[in-house]
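Structure first, commentary second.
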Amino acid sequence: MRLRLVVAQLLLCLSVSGLAAAQARPDSYTRTENVVYGLSNGVGLVMDVFTPTGPKNGKAIVDVLSGAWFSEEAQVRQHLQARLFDIYCARGYTVFMVRPGSRTLFPADRMVEHIGRAVTFIRSRASTYGIDPTRIGMTGASAGGHLTLLALATAPGLDIKAAAVFFPPTDFLEWGTSGRLVDGLEGLFFSGGQAGRTPQEIEQKARDLSPARRVTRALPPVLLIHGDADPTVPLQQSEKMVRVLKEAGGDARLIVKPGGGHPWMTIAEEVAVMAAWFDEQLAR
């Protein structure tokens, strides 16, 4: 029963209504919507580009838009309410809000492929966007954080210089104190769902899609921020990821938000912490 409740919480992607008071100021950026970066099964893959109205710093942030592995308007509103684009653009970053797709159409490994295509698209047009193609960071929250880490671990040609994520799922086979998280994720593991799949196939796919189990080399520097009162994704998920990254020789840091849920009302403050961290990492 506990696992079912956790799955339900994760897939419902809890509302961020408490962040409504922290709306983004539209004067720090201009927004170009629905830029097509590719096609997949005849479906257009799109991103929104947020360009600073003030001076640019020549650096880019890829924002992987996904909540409960959906890339829909609800997730866009959450990122706007967290002032993500306002904060980054005010510091000179050009932000690419990439929609990797939703699990109703694409399993997670296809979403990771889409992220790679988006980065290739951005890098090929670096001069158009006024960015340095060697100074690209990546961010995401919850499912977006999971896809970010999975992309870093499984796509070495991605060449992202640093990543910062909020409360990401990282290991479906070791989920807090509850055991595993493999049920109720229809469409995420396999196109068409898990019907007809053997337990062995499901377990192997859960392993393949767990970033903490795919790290075989040092990754770019990673910052994780996670609340210690998260009812949806256990703090243990970020703790394990940091441990694995460090064991592989990478640079990883975890900031624990006391009382933080999934998310929390003042998360814009932590978005600013991430932006300052990217300033340091992308300056190298």
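How things are named: the first chain in the structure tokens is A, the next is B, and so on; residues count from 1 in each chain; ligands count from 1 in the order shown.
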Self-check item: Distance query segment 140-153 of chain A at most 8 Å, only C-alpha atoms, self and fewer than 3 positions along chain excluded, as an MDAnalysis selection string
Solution: chainID A and resid 63:69 108 111:113 115:116 156 158 160 163:170 209:211 214:216 219:220 233
Exercise. Identify all residues of segment 22-192 of chain A in alpha helix (DSSP H) (DSSP on the backbone) and supply them as a ChimeraX atom specification.
Key: /A:73-81,84-90,108-124,126-129,143-154
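Proximity ranking of A:Asp208, A:Glu203, A:Asp159, A:Asp171 relative to Glu239 of chain A places A:Asp171 first, based on only C-alpha atoms.
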Quiz prompt | Nearest to Ile87 of chain A by atom-to-atom distance, counting only C-alpha atoms, from A:Val43, A:Leu282, A:Val36, A:Ala275 | solution = A:Ala275
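For segment 179-193 of chain A, the non-local neighbours within 6 Å, defined as residues at least 3 positions apart in the same chain or in other chains and counting only C-alpha atoms, are Arg103, Thr104, Pro107, Ala108, Phe172, Leu173, Glu174 and Trp175 of chain A.
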Practice problem: Give the answer as one residue: which of A:Leu235, A:Ala60, A:Met274, A:Ala283 has the shortest atom-to-atom distance to Thr177 of chain A, using only C-alpha atoms? | Solution: A:Leu235
Self-check item: Within 8 Å of segment 247-259 of chain A using only C-alpha atoms, minus same-chain residues under 6 positions, as a ChimeraX atom specification
Solution: /A:215-230,238-239
Exercise. Would you mind telling me which residue in A:Ala118, A:Tyr29, A:Met47, A:Phe106 lies nearest to Thr94 of chain A when using only C-alpha atoms?
Key: A:Tyr29
Practice problem: Tell me which of A:Gly42, A:Gly260, A:Pro231, A:Gly58 sits closest to Gly137 of chain A, counting only C-alpha atoms. | Solution: A:Gly58
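We find atom CA of Ala212 of chain A and atom CA of Met241 of chain A to be spaced 5.2 Å apart.
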Exercise. Write out as a ChimeraX atom specification each polymer residue whose atoms come within 6 Å of Val62 of chain A, counting only C-alpha atoms; drop sequence neighbours fewer than 4 positions from it.
Key: /A:95-96,138
Writer output for current selection, all heavy atoms, as a compact mmCIF listing (two decimals), in the first residue's frame:
```txt
# COMPACT_ATOMS: atom_id res chain seq x y z
N VAL A 95 18.35 30.41 -22.02
CA VAL A 95 17.79 29.17 -21.50
C VAL A 95 16.96 28.49 -22.58
O VAL A 95 16.10 29.13 -23.21
CB VAL A 95 16.93 29.42 -20.25
CG1 VAL A 95 16.39 28.10 -19.69
CG2 VAL A 95 17.73 30.15 -19.18
N PHE A 96 17.20 27.21 -22.77
CA PHE A 96 16.46 26.41 -23.73
C PHE A 96 15.61 25.42 -22.97
O PHE A 96 16.13 24.46 -22.39
CB PHE A 96 17.43 25.68 -24.67
CG PHE A 96 18.32 26.61 -25.46
CD1 PHE A 96 19.52 27.06 -24.93
CD2 PHE A 96 17.94 27.05 -26.72
CE1 PHE A 96 20.35 27.92 -25.64
CE2 PHE A 96 18.76 27.91 -27.45
CZ PHE A 96 19.95 28.35 -26.91
N MET A 138 23.08 21.98 -17.81
CA MET A 138 21.76 21.34 -17.91
C MET A 138 21.12 21.27 -16.54
O MET A 138 21.80 21.04 -15.53
CB MET A 138 21.90 19.93 -18.51
CG MET A 138 20.56 19.24 -18.80
SD MET A 138 20.77 17.64 -19.66
CE MET A 138 21.31 18.24 -21.28
```
Practice problem: Using only C-alpha atoms, pick whichever of A:Ile202, A:Val119, A:Ile131, A:Ile61 has the shortest atom-to-atom distance to Gly157 of chain A. | Solution: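 Result for the nearest residue to Gly157 of chain A: A:Val119.
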Self-check item: Expected answer as a PyMOL selection string: strand (DSSP E) residues in segment 39-282 of chain A
Solution: chain A and resi 39-40+43-52+60-64+94-98+136-141+162-166+222-227+252-257
Output of the above residues as an mmCIF file, in the first residue's frame, restricted to C-alpha atoms:
```cif
data_model
loop_
_atom_site.group_PDB
_atom_site.id
_atom_site.type_symbol
_atom_site.label_atom_id
_atom_site.label_comp_id
_atom_site.auth_asym_id
_atom_site.auth_seq_id
_atom_site.Cartn_x
_atom_site.Cartn_y
_atom_site.Cartn_z
ATOM 1 C CA LEU A 39 10.884 14.772 -35.263
ATOM 2 C CA SER A 40 10.227 11.418 -33.605
ATOM 3 C CA VAL A 43 5.794 13.951 -33.787
ATOM 4 C CA GLY A 44 7.442 17.365 -33.610
ATOM 5 C CA LEU A 45 9.916 17.844 -30.745
ATOM 6 C CA VAL A 46 9.936 21.414 -29.495
ATOM 7 C CA MET A 47 11.725 23.779 -27.150
ATOM 8 C CA ASP A 48 11.141 27.334 -25.975
ATOM 9 C CA VAL A 49 14.062 29.749 -26.047
ATOM 10 C CA PHE A 50 14.376 32.384 -23.309
ATOM 11 C CA THR A 51 16.771 35.139 -24.370
ATOM 12 C CA PRO A 52 18.044 37.776 -21.918
ATOM 13 C CA ALA A 60 23.477 28.381 -22.108
ATOM 14 C CA ILE A 61 21.283 26.337 -19.796
ATOM 15 C CA VAL A 62 19.253 23.417 -21.113
ATOM 16 C CA ASP A 63 16.167 23.073 -18.928
ATOM 17 C CA VAL A 64 14.751 19.555 -19.278
ATOM 18 C CA THR A 94 20.152 31.921 -22.649
ATOM 19 C CA VAL A 95 17.790 29.170 -21.497
ATOM 20 C CA PHE A 96 16.465 26.414 -23.733
ATOM 21 C CA MET A 97 13.391 24.781 -22.216
ATOM 22 C CA VAL A 98 13.465 21.380 -23.924
ATOM 23 C CA ILE A 136 26.370 24.557 -21.827
ATOM 24 C CA GLY A 137 24.852 23.438 -18.526
ATOM 25 C CA MET A 138 21.761 21.339 -17.914
ATOM 26 C CA THR A 139 19.069 21.415 -15.258
ATOM 27 C CA GLY A 140 15.830 19.657 -14.417
ATOM 28 C CA ALA A 141 13.519 18.867 -11.523
ATOM 29 C CA ALA A 162 27.822 20.862 -15.546
ATOM 30 C CA ALA A 163 24.382 19.874 -14.297
ATOM 31 C CA ALA A 164 22.184 20.947 -11.401
ATOM 32 C CA VAL A 165 18.977 19.115 -10.531
ATOM 33 C CA PHE A 166 16.203 19.088 -7.961
ATOM 34 C CA VAL A 222 26.716 17.817 -10.591
ATOM 35 C CA LEU A 223 24.794 19.747 -7.933
ATOM 36 C CA LEU A 224 21.709 18.138 -6.382
ATOM 37 C CA ILE A 225 19.214 19.918 -4.123
ATOM 38 C CA HIS A 226 16.647 17.815 -2.266
ATOM 39 C CA GLY A 227 14.272 18.391 0.624
ATOM 40 C CA ALA A 252 29.198 15.973 -6.854
ATOM 41 C CA ARG A 253 27.524 18.061 -4.164
ATOM 42 C CA LEU A 254 24.221 17.649 -2.326
ATOM 43 C CA ILE A 255 22.377 20.496 -0.625
ATOM 44 C CA VAL A 256 19.603 19.315 1.692
ATOM 45 C CA LYS A 257 16.685 21.711 2.150
#
```
Practice problem: Could you jot down the atom CA of Asn34 of chain A to atom CA of Pro133 of chain A separation for me, Å, one decimal place? | Solution: 21.2 Å
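For the pair atom CA of Ala90 of chain A and atom CA of Thr53 of chain A, the separation is 8.1 Å.
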